[in-house]
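One file, run_33.txt, carrying compact mmCIF, C-alpha atoms:
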# COMPACT_ATOMS: atom_id res chain seq x y z
CA MET A 872 15.90 17.90 -29.01
CA PRO A 873 18.99 15.65 -28.69
CA ALA A 874 20.47 18.03 -26.11
CA PHE A 875 17.52 17.40 -23.82
CA GLN A 876 17.13 13.66 -24.30
CA SER A 877 20.00 12.78 -21.99
CA TYR A 878 18.06 14.30 -19.10
CA ILE A 879 14.98 12.13 -19.64
CA CYS A 880 14.91 9.18 -17.25
CA PRO A 881 13.73 6.05 -19.07
CA MET A 882 10.94 4.08 -17.46
CA LYS A 883 12.04 1.08 -15.46
CA ASN A 884 10.72 -2.38 -16.16
CA THR A 885 9.94 -5.19 -13.74
CA ALA A 886 10.87 -8.79 -14.47
CA PHE A 887 7.30 -9.23 -15.77
CA THR A 888 6.93 -6.17 -18.03
CA GLN A 889 7.35 -8.08 -21.28
CA LYS A 890 4.82 -10.67 -20.10
CA HIS A 891 2.25 -7.91 -19.42
CA ILE A 892 2.78 -6.54 -22.93
CA GLU A 893 2.44 -10.02 -24.47
CA LEU A 894 -0.84 -10.47 -22.60
CA GLY A 895 -2.18 -7.25 -24.10
CA ALA A 896 -2.16 -5.14 -20.94
CA LYS A 897 -2.78 -1.43 -21.18
CA MET A 898 0.54 -0.04 -19.92
CA ALA A 899 1.31 3.34 -18.34
CA PRO A 900 4.04 4.99 -16.26
CA PHE A 901 3.65 4.60 -12.50
CA ALA A 902 6.33 5.62 -9.96
CA GLY A 903 8.93 5.53 -12.73
CA TYR A 904 7.96 2.03 -13.90
CA ASN A 905 6.14 0.79 -17.00
CA MET A 906 3.20 -0.89 -15.28
CA PRO A 907 0.00 -2.68 -16.36
CA ILE A 908 -3.13 -0.62 -15.68
CA SER A 909 -5.65 -3.15 -16.97
CA TYR A 910 -5.98 -6.24 -19.13
CA THR A 911 -9.69 -7.04 -19.69
CA GLY A 912 -11.10 -3.98 -17.92
CA ILE A 913 -11.08 -2.65 -14.37
CA ASN A 914 -14.58 -3.89 -13.43
CA ASP A 915 -13.90 -7.40 -14.71
CA GLU A 916 -10.54 -7.59 -12.93
CA HIS A 917 -12.01 -6.12 -9.74
CA ALA A 918 -14.73 -8.80 -9.68
CA ALA A 919 -12.15 -11.53 -10.34
CA VAL A 920 -10.25 -10.59 -7.18
CA ARG A 921 -13.35 -10.09 -5.01
CA ASN A 922 -14.87 -13.44 -6.07
CA ASN A 923 -11.97 -15.66 -7.10
CA ALA A 924 -8.27 -14.80 -7.48
CA GLY A 925 -6.01 -12.45 -9.40
CA VAL A 926 -2.29 -11.78 -9.75
CA PHE A 927 -0.77 -8.31 -9.38
CA ASP A 928 2.81 -7.50 -10.34
CA VAL A 929 3.90 -5.10 -7.62
CA SER A 930 7.64 -5.56 -8.10
CA HIS A 931 7.99 -1.79 -8.29
CA MET A 932 7.65 -1.60 -4.49
CA GLY A 933 10.77 -0.96 -2.41
CA GLU A 934 12.44 -3.34 0.03
CA PHE A 935 15.12 -2.50 2.59
CA MET A 936 16.93 -4.99 4.82
CA LEU A 937 17.95 -3.74 8.27
CA LYS A 938 20.30 -5.99 10.21
CA GLY A 939 22.39 -6.13 13.37
CA GLU A 940 21.96 -5.43 17.05
CA ASN A 941 20.85 -1.84 16.39
CA ALA A 942 18.34 -2.58 13.62
CA LEU A 943 15.31 -2.71 15.92
CA ASP A 944 16.39 0.46 17.72
CA LEU A 945 16.52 2.30 14.38
CA ILE A 946 13.09 1.00 13.32
CA GLN A 947 11.62 2.03 16.67
CA ARG A 948 12.93 5.58 16.33
CA VAL A 949 11.64 6.19 12.80
CA THR A 950 8.31 4.31 12.76
CA SER A 951 5.08 5.02 14.64
CA ASN A 952 4.12 1.44 15.51
CA ASP A 953 5.86 -0.68 18.16
CA ALA A 954 8.13 -3.08 16.29
CA SER A 955 9.40 -4.57 19.59
CA LYS A 956 6.16 -6.59 19.61
CA LEU A 957 7.24 -8.44 16.47
CA VAL A 958 8.59 -11.98 16.58
CA ALA A 959 10.05 -13.94 13.68
CA GLY A 960 7.37 -14.66 11.09
CA LYS A 961 5.21 -11.64 11.92
CA ALA A 962 4.68 -8.42 10.00
CA GLN A 963 3.34 -5.03 11.03
CA TYR A 964 1.76 -2.06 9.26
CA SER A 965 3.40 1.20 10.28
CA CYS A 966 4.43 4.63 9.04
CA LEU A 967 7.46 6.89 9.03
CA THR A 968 6.71 10.27 10.60
CA ASN A 969 8.49 13.54 9.93
CA GLU A 970 9.41 16.25 12.41
CA GLN A 971 6.16 18.14 11.76
CA GLY A 972 4.04 15.06 12.54
CA GLY A 973 3.29 14.31 8.89
CA ILE A 974 3.76 10.97 7.15
CA VAL A 975 6.96 10.36 5.19
CA ASP A 976 5.52 7.03 4.00
CA ASP A 977 3.45 4.07 5.12
CA LEU A 978 5.15 0.70 5.10
CA ILE A 979 5.18 -2.90 6.30
CA VAL A 980 7.84 -4.15 8.73
CA TYR A 981 8.72 -7.85 8.50
CA CYS A 982 10.59 -9.51 11.37
CA ILE A 983 12.89 -12.12 9.79
CA GLU A 984 14.91 -12.76 12.96
CA GLU A 985 13.87 -11.18 16.25
CA ASN A 986 16.06 -8.23 17.29
CA LYS A 987 18.42 -8.87 14.37
CA THR A 988 16.96 -8.91 10.85
CA TYR A 989 14.02 -6.96 9.43
CA MET A 990 12.65 -6.15 6.00
CA LEU A 991 10.85 -2.85 5.37
CA VAL A 992 8.53 -2.66 2.36
CA VAL A 993 7.92 0.90 1.16
CA ASN A 994 6.02 2.62 -1.64
CA ALA A 995 7.65 2.66 -5.06
CA SER A 996 7.50 6.45 -5.42
CA ASN A 997 9.22 6.91 -2.06
CA ILE A 998 12.15 4.49 -2.25
CA GLU A 999 14.92 7.09 -2.42
CA LYS A 1000 13.13 9.48 -0.06
CA ASP A 1001 12.57 6.75 2.56
CA TRP A 1002 16.10 5.40 2.26
CA ASN A 1003 17.56 8.87 2.84
CA TRP A 1004 15.16 9.53 5.73
CA ILE A 1005 15.94 6.29 7.57
CA SER A 1006 19.68 6.66 6.87
CA ARG A 1007 19.61 10.09 8.51
CA PHE A 1008 18.64 8.45 11.82
CA ASN A 1009 21.04 5.51 11.51
CA THR A 1010 23.44 6.96 14.08
CA LYS A 1011 24.26 3.55 15.58
CA ASN A 1012 25.31 2.01 12.29
CA ALA A 1013 22.71 -0.66 11.75
CA GLU A 1014 23.44 -2.54 8.54
CA MET A 1015 21.16 -1.27 5.76
CA GLN A 1016 20.68 -2.82 2.32
CA ASN A 1017 18.41 -1.55 -0.44
CA ILE A 1018 17.33 -4.74 -2.24
CA SER A 1019 14.51 -3.11 -4.23
CA GLU A 1020 16.10 -3.54 -7.67
CA ARG A 1021 16.67 -7.28 -7.24
CA THR A 1022 13.41 -8.22 -5.53
CA CYS A 1023 10.27 -9.43 -7.30
CA LEU A 1024 6.89 -9.11 -5.62
CA LEU A 1025 3.64 -10.71 -6.78
CA ALA A 1026 0.37 -10.25 -4.90
CA ILE A 1027 -2.06 -13.11 -5.45
CA GLN A 1028 -5.30 -11.86 -3.98
CA GLY A 1029 -8.82 -13.21 -3.61
CA PRO A 1030 -10.77 -15.86 -1.66
CA ASN A 1031 -9.35 -18.75 -3.73
CA ALA A 1032 -5.73 -17.53 -3.80
CA THR A 1033 -4.23 -19.79 -1.13
CA LYS A 1034 -6.20 -22.83 -2.29
CA ILE A 1035 -4.81 -22.39 -5.80
CA LEU A 1036 -1.24 -21.85 -4.60
CA GLN A 1037 -0.93 -24.41 -1.81
CA PRO A 1038 0.27 -27.19 -4.17
CA LEU A 1039 3.20 -24.95 -5.19
CA ALA A 1040 4.39 -24.32 -1.63
CA ASP A 1041 6.35 -26.64 0.67
CA GLN A 1042 4.84 -24.91 3.71
CA ASP A 1043 1.26 -24.47 4.94
CA ILE A 1044 -0.15 -21.30 3.39
CA LEU A 1045 -3.83 -22.23 3.67
CA ASN A 1046 -3.73 -21.49 7.40
CA LEU A 1047 -1.33 -18.56 7.31
CA LYS A 1048 -2.75 -15.94 9.67
CA TYR A 1049 -3.17 -12.30 8.65
CA TYR A 1050 0.09 -10.35 8.83
CA THR A 1051 2.24 -13.44 9.34
CA PHE A 1052 4.66 -14.94 6.83
CA THR A 1053 6.73 -18.00 6.09
CA LYS A 1054 9.86 -18.67 4.03
CA GLY A 1055 10.63 -21.72 1.93
CA THR A 1056 10.47 -23.22 -1.55
CA PHE A 1057 7.70 -22.09 -3.89
CA ALA A 1058 7.27 -23.43 -7.44
CA GLY A 1059 10.73 -24.95 -7.15
CA VAL A 1060 12.35 -21.60 -6.24
CA ASP A 1061 14.20 -21.41 -2.91
CA ASN A 1062 14.08 -18.66 -0.28
CA VAL A 1063 10.64 -17.29 -1.20
CA LEU A 1064 8.90 -15.18 1.46
CA ILE A 1065 5.13 -15.78 1.46
CA SER A 1066 3.13 -13.22 3.41
CA ALA A 1067 -0.57 -13.13 4.33
CA THR A 1068 -0.80 -9.44 3.49
CA GLY A 1069 -2.30 -7.43 0.65
CA TYR A 1070 -3.98 -4.22 -0.41
CA THR A 1071 -7.36 -5.51 -1.56
CA GLY A 1072 -9.27 -6.72 1.51
CA ALA A 1073 -10.06 -9.89 -0.45
CA GLY A 1074 -7.58 -12.17 1.30
CA GLY A 1075 -4.64 -13.90 -0.32
CA ILE A 1076 -0.87 -13.63 -0.12
CA GLU A 1077 2.13 -11.69 -1.38
CA ILE A 1078 5.32 -13.45 -2.44
CA TYR A 1079 8.82 -11.96 -2.44
CA PHE A 1080 11.73 -13.58 -4.23
CA GLU A 1081 15.06 -12.69 -5.76
CA ASP A 1082 15.05 -11.61 -9.40
CA LYS A 1083 17.77 -13.92 -10.72
CA GLY A 1084 17.96 -16.53 -13.43
CA ASP A 1085 14.54 -17.67 -14.55
CA ASN A 1086 12.91 -17.27 -11.11
CA ALA A 1087 10.37 -14.70 -12.29
CA MET A 1088 8.98 -16.65 -15.25
CA LYS A 1089 9.20 -19.94 -13.38
CA ILE A 1090 6.95 -18.59 -10.61
CA TRP A 1091 4.62 -16.64 -12.93
CA ASN A 1092 4.04 -19.65 -15.18
CA ALA A 1093 3.56 -22.03 -12.25
CA ILE A 1094 0.93 -19.74 -10.69
CA PHE A 1095 -1.09 -19.48 -13.89
CA GLU A 1096 -0.78 -23.20 -14.59
CA ALA A 1097 -2.01 -24.00 -11.06
CA GLY A 1098 -4.83 -21.48 -11.42
CA LYS A 1099 -5.93 -22.40 -14.94
CA THR A 1100 -8.94 -24.48 -13.87
CA PHE A 1101 -9.94 -21.78 -11.37
CA GLY A 1102 -9.83 -19.02 -13.97
CA ILE A 1103 -7.11 -17.01 -12.23
CA LYS A 1104 -6.40 -13.69 -13.99
CA PRO A 1105 -3.62 -11.10 -14.21
CA ILE A 1106 -4.78 -7.82 -12.65
CA GLY A 1107 -3.65 -4.26 -13.29
CA LEU A 1108 -3.15 -1.26 -11.03
CA GLY A 1109 -6.56 0.16 -11.97
CA ALA A 1110 -8.42 -2.60 -10.12
CA ARG A 1111 -5.86 -2.45 -7.31
CA ASP A 1112 -6.99 1.13 -6.74
CA THR A 1113 -10.74 0.40 -6.78
CA LEU A 1114 -10.27 -2.62 -4.49
CA ARG A 1115 -8.24 -0.67 -1.92
CA LEU A 1116 -10.67 2.24 -2.03
CA GLU A 1117 -13.65 0.00 -1.26
CA MET A 1118 -11.74 -1.05 1.87
CA GLY A 1119 -10.88 2.55 2.79
CA TYR A 1120 -7.14 1.84 2.56
CA CYS A 1121 -4.92 4.91 2.15
CA LEU A 1122 -2.86 5.60 -0.95
CA TYR A 1123 0.32 7.57 -0.32
CA GLY A 1124 0.35 10.84 -2.23
CA ASN A 1125 -3.46 10.96 -2.28
CA ASP A 1126 -4.85 10.23 1.19
CA ILE A 1127 -1.67 10.55 3.24
CA ASP A 1128 1.48 12.59 2.71
CA ASP A 1129 4.06 14.75 4.47
CA THR A 1130 1.35 17.13 5.68
CA THR A 1131 -1.15 14.62 7.09
CA SER A 1132 -0.97 13.35 10.65
CA PRO A 1133 -1.47 9.63 11.35
CA LEU A 1134 -4.28 10.61 13.73
CA GLU A 1135 -6.04 12.68 11.06
CA ALA A 1136 -5.71 9.76 8.64
CA GLY A 1137 -7.35 7.32 11.05
CA LEU A 1138 -4.03 5.60 11.73
CA GLY A 1139 -4.06 6.09 15.50
CA TRP A 1140 -4.05 2.29 15.81
CA ILE A 1141 -0.50 2.16 14.39
CA THR A 1142 0.68 5.13 16.47
CA LYS A 1143 2.06 3.90 19.81
CA PHE A 1144 3.09 6.36 22.51
CA THR A 1145 4.80 3.65 24.57
CA LYS A 1146 8.10 4.46 22.83
CA ASP A 1147 9.93 7.42 21.34
CA PHE A 1148 9.70 8.12 17.62
CA THR A 1149 9.97 11.16 15.35
CA ALA A 1150 7.47 13.88 16.37
CA ARG A 1151 5.95 11.73 19.11
CA PRO A 1152 5.39 14.72 21.48
CA LEU A 1153 3.66 16.70 18.72
CA ILE A 1154 1.36 13.82 17.71
CA GLU A 1155 0.66 12.96 21.34
CA LYS A 1156 -0.40 16.57 21.89
CA GLN A 1157 -2.76 16.23 18.92
CA LYS A 1158 -4.32 13.23 20.61
CA THR A 1159 -4.75 15.14 23.88
CA ASP A 1160 -6.04 18.36 22.31
CA GLY A 1161 -8.09 16.69 19.59
CA ILE A 1162 -7.61 16.85 15.82
CA LYS A 1163 -9.35 19.48 13.67
CA ARG A 1164 -9.95 17.35 10.59
CA LYS A 1165 -10.38 13.68 9.83
CA LEU A 1166 -10.17 11.34 6.84
CA VAL A 1167 -13.65 9.93 6.25
CA GLY A 1168 -15.50 7.83 3.72
CA ILE A 1169 -17.79 9.70 1.32
CA GLU A 1170 -20.69 8.02 -0.46
CA MET A 1171 -22.43 9.98 -3.20
CA THR A 1172 -26.22 10.13 -2.85
CA GLU A 1173 -26.64 12.05 -6.10
CA ARG A 1174 -25.07 11.28 -9.47
CA GLY A 1175 -21.41 12.20 -9.69
CA ILE A 1176 -17.97 10.82 -8.88
CA PRO A 1177 -15.78 12.51 -6.26
CA ARG A 1178 -12.26 13.04 -7.60
CA HIS A 1179 -8.94 13.94 -6.01
CA ASP A 1180 -8.86 17.59 -4.84
CA TYR A 1181 -12.61 18.23 -5.34
CA LEU A 1182 -13.86 20.51 -2.55
CA VAL A 1183 -16.32 19.25 0.06
CA LYS A 1184 -18.87 21.81 1.31
CA ASP A 1185 -21.68 22.08 3.83
CA ALA A 1186 -25.32 22.98 3.04
CA SER A 1187 -24.48 26.70 3.22
CA GLY A 1188 -21.70 26.38 0.65
CA ASN A 1189 -18.83 26.70 3.14
CA THR A 1190 -15.75 24.65 2.28
CA ILE A 1191 -15.29 21.99 4.97
CA GLY A 1192 -12.78 19.69 3.32
CA LYS A 1193 -11.30 18.12 0.23
CA VAL A 1194 -11.59 14.77 -1.56
CA THR A 1195 -8.38 12.72 -1.65
CA SER A 1196 -9.52 9.62 -3.61
CA GLY A 1197 -12.70 8.69 -5.46
CA THR A 1198 -14.15 6.17 -7.89
CA GLN A 1199 -17.27 4.34 -9.02
CA SER A 1200 -17.34 1.25 -6.81
CA PRO A 1201 -17.66 -1.87 -8.99
CA THR A 1202 -18.99 -3.90 -6.05
CA LEU A 1203 -21.55 -1.38 -4.80
CA GLY A 1204 -22.49 0.26 -8.09
CA LYS A 1205 -22.21 3.71 -6.52
CA ALA A 1206 -19.62 6.46 -6.30
CA ILE A 1207 -17.38 6.51 -3.21
CA GLY A 1208 -14.37 8.41 -2.00
CA LEU A 1209 -12.15 9.46 0.86
CA ALA A 1210 -11.95 13.06 2.05
CA TYR A 1211 -10.52 15.14 4.86
CA VAL A 1212 -13.34 17.09 6.50
CA ASP A 1213 -13.62 19.32 9.54
CA MET A 1214 -14.41 17.35 12.70
CA ALA A 1215 -17.80 19.08 13.00
CA HIS A 1216 -18.88 17.29 9.81
CA ALA A 1217 -17.08 13.94 10.29
CA ALA A 1218 -19.88 11.93 11.93
CA ILE A 1219 -21.32 8.97 10.00
CA ASP A 1220 -24.36 9.90 7.84
CA THR A 1221 -23.59 13.65 7.94
CA GLU A 1222 -24.86 15.22 4.71
CA VAL A 1223 -22.14 16.98 2.72
CA PHE A 1224 -21.80 18.29 -0.83
CA VAL A 1225 -18.98 17.57 -3.27
CA ASP A 1226 -18.20 20.42 -5.66
CA ILE A 1227 -18.25 18.73 -9.08
CA ARG A 1228 -17.76 21.13 -12.01
CA ASN A 1229 -18.90 24.01 -9.80
CA GLN A 1230 -22.10 22.21 -8.82
CA PRO A 1231 -22.82 21.00 -5.26
CA VAL A 1232 -23.61 17.27 -5.47
CA LYS A 1233 -25.12 15.54 -2.43
CA ALA A 1234 -23.13 12.95 -0.52
CA LYS A 1235 -22.91 11.58 3.00
CA VAL A 1236 -20.16 10.56 5.35
CA SER A 1237 -20.00 6.77 5.24
CA LYS A 1238 -18.70 4.04 7.50
CA LEU A 1239 -15.49 2.29 6.40
CA PRO A 1240 -14.91 -0.12 4.80
CA PHE A 1241 -17.45 0.58 2.07
CA ALA A 1242 -17.68 -3.07 1.00
Mind turning the file's structure into structure tokens?
Amino acid sequence: MPAFQSYICPMKNTAFTQKHIELGAKMAPFAGYNMPISYTGINDEHAAVRNNAGVFDVSHMGEFMLKGENALDLIQRVTSNDASKLVAGKAQYSCLTNEQGGIVDDLIVYCIEENKTYMLVVNASNIEKDWNWISRFNTKNAEMQNISERTCLLAIQGPNATKILQPLADQDILNLKYYTFTKGTFAGVDNVLISATGYTGAGGIEIYFEDKGDNAMKIWNAIFEAGKTFGIKPIGLGARDTLRLEMGYCLYGNDIDDTTSPLEAGLGWITKFTKDFTARPLIEKQKTDGIKRKLVGIEMTERGIPRHDYLVKDASGNTIGKVTSGTQSPTLGKAIGLAYVDMAHAAIDTEVFVDIRNQPVKAKVSKLPFA
């Protein structure tokens, strides 16, 4: 055994890992990090975010800084959305496309200083992959910095999130518009980026700050002190998944990956053909010719939960697609999922069958978001 132990990569911790353990969180590996899955239970935490406010530690996410006169040019060539539309204080959802028209990753682009300084926020499991991919196209020597290891990220989500946090901020966050951000002092910590973004559909903000000194605990403690009378709760990744699924938001590795086209995934709205980017001609041809499959919402009409990789079939038993994500919706009290299905079966209310333990279970194509 000792001969093999040196090859085992230890799990990484965030600045908040010990706090999660102290609070009794159920911990598990996720993207190489020791992360909280739940504290009081997924349904309870889900409801807390939908109805009030909850705090997610998402410090495992990756952050890259791109700077200099060629930073925007690099972003434009590797991402599908049009980052030239961004001005300072605005953010944009986008994706990196590969040469086959698949998705390397989905990400958020933050414009810190127009035409000069940008921050890209990428998925934790793709940090190295994305860094290498973007670097490959950095032929004009834009300045690139990977600040992932020294950046903390907390997502405070829910309808009461900004009301709870406003007293801690020296800038107006109550009226921060969706996909805009501000920088300033928060809970006595300088240079905090506060962004009206999130992965829950419940409103709220995400805050980025440098992991140095006692910044992490200072901010964590201030948030929970400010939210004490509101009943703010820490939330794990389990509820993050059910919340995003109710909104029909994609999870990289499940609903989108290197083989899925942005158009197939319903991400045509972040795919702009007004500029050149990787595989643009191929994806533009898809748009002209029409796609053969589409990511759709699935709502079970018979008892059963659709799970990742379950087959979707028509009434005759022909395979017409595959489930990518599925759960029991805490808000709706019914089973929902996302699936790629052939275009002939992609219309809303089309009856389909999910193959659950070799039994066809009735479902229908549902409008997104579910809730």
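When all atoms listed in the file are used to measure the gap to A:Ala899, the shortest distance among A:Ile1090, A:Leu1108, A:Ala886, A:Leu1036 belongs to A:Leu1108.
Nearest residue to A:Arg1021, choosing from A:Ile1094, A:Gly972, A:Ser1066, A:Asn884 and counting all atoms listed in the file: A:Asn884.
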Protein/DNA/RNA residues near (9.6, -23.3, -2.4), cut 12 Å, all atoms listed in the file, as a ChimeraX atom specification | /A:1036-1044,1053-1065,1078-1080,1086,1089-1090,1093
Using all atoms listed in the file, determine which residues lie at most 7 Å from A:Glu934, disregarding the query and same-chain residues fewer than 5 positions distant; provide the list as a ChimeraX atom specification.
-> /A:990-993,1017-1019
Of A:Ser1187, A:Thr1198, A:Asn941, A:Thr1145, the one nearest to A:Val1223 when counting only C-alpha atoms is A:Ser1187
Could you give me, as number ranges by chain, the residues within 7 Å of stretch 1075-1077 of chain A, counting all atoms listed in the file and dropping anything in the same chain fewer than 5 positions from it?
-> A: 1024-1030, 1032-1033, 1065-1069
Contacts of A:Cys982 within 9 Å, all atoms listed in the file, excl. fewer than 4 positions in-chain, as an NGL selection string = :A and (954 or 957-963 or 986-991)
Nearest to A:Phe1052 by atom-to-atom distance, counting only C-alpha atoms, from A:Thr1142, A:Glu940, A:Val980, A:Ser955 | A:Val980
Would you mind listing what lies within 10 Å of A:Gly1137 as an mmCIF file with C-alpha atoms, in the frame of the given file, with only C-alpha atoms counted and same-chain residues fewer than 3 positions away left out?
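See around39.cif below for the written result:
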data_model
loop_
_atom_site.group_PDB
_atom_site.id
_atom_site.type_symbol
_atom_site.label_atom_id
_atom_site.label_comp_id
_atom_site.auth_asym_id
_atom_site.auth_seq_id
_atom_site.Cartn_x
_atom_site.Cartn_y
_atom_site.Cartn_z
ATOM 1 C CA CYS A 1121 -4.920 4.910 2.150
ATOM 2 C CA SER A 1132 -0.970 13.350 10.650
ATOM 3 C CA PRO A 1133 -1.470 9.630 11.350
ATOM 4 C CA LEU A 1134 -4.280 10.610 13.730
ATOM 5 C CA TRP A 1140 -4.050 2.290 15.810
ATOM 6 C CA ILE A 1141 -0.500 2.160 14.390
ATOM 7 C CA THR A 1142 0.680 5.130 16.470
ATOM 8 C CA LYS A 1165 -10.380 13.680 9.830
ATOM 9 C CA LEU A 1166 -10.170 11.340 6.840
ATOM 10 C CA VAL A 1167 -13.650 9.930 6.250
#
Kindly indicate which residue among A:Leu1153, A:Met936, A:Ala919, A:Met882 lies nearest to A:Pro1105, using all atoms listed in the file for the distances.
-> A:Ala919
Quote the spacing between atom CA of A:Thr950 and atom CA of A:Ala902 in Å to one decimal place.
-> 22.8 Å
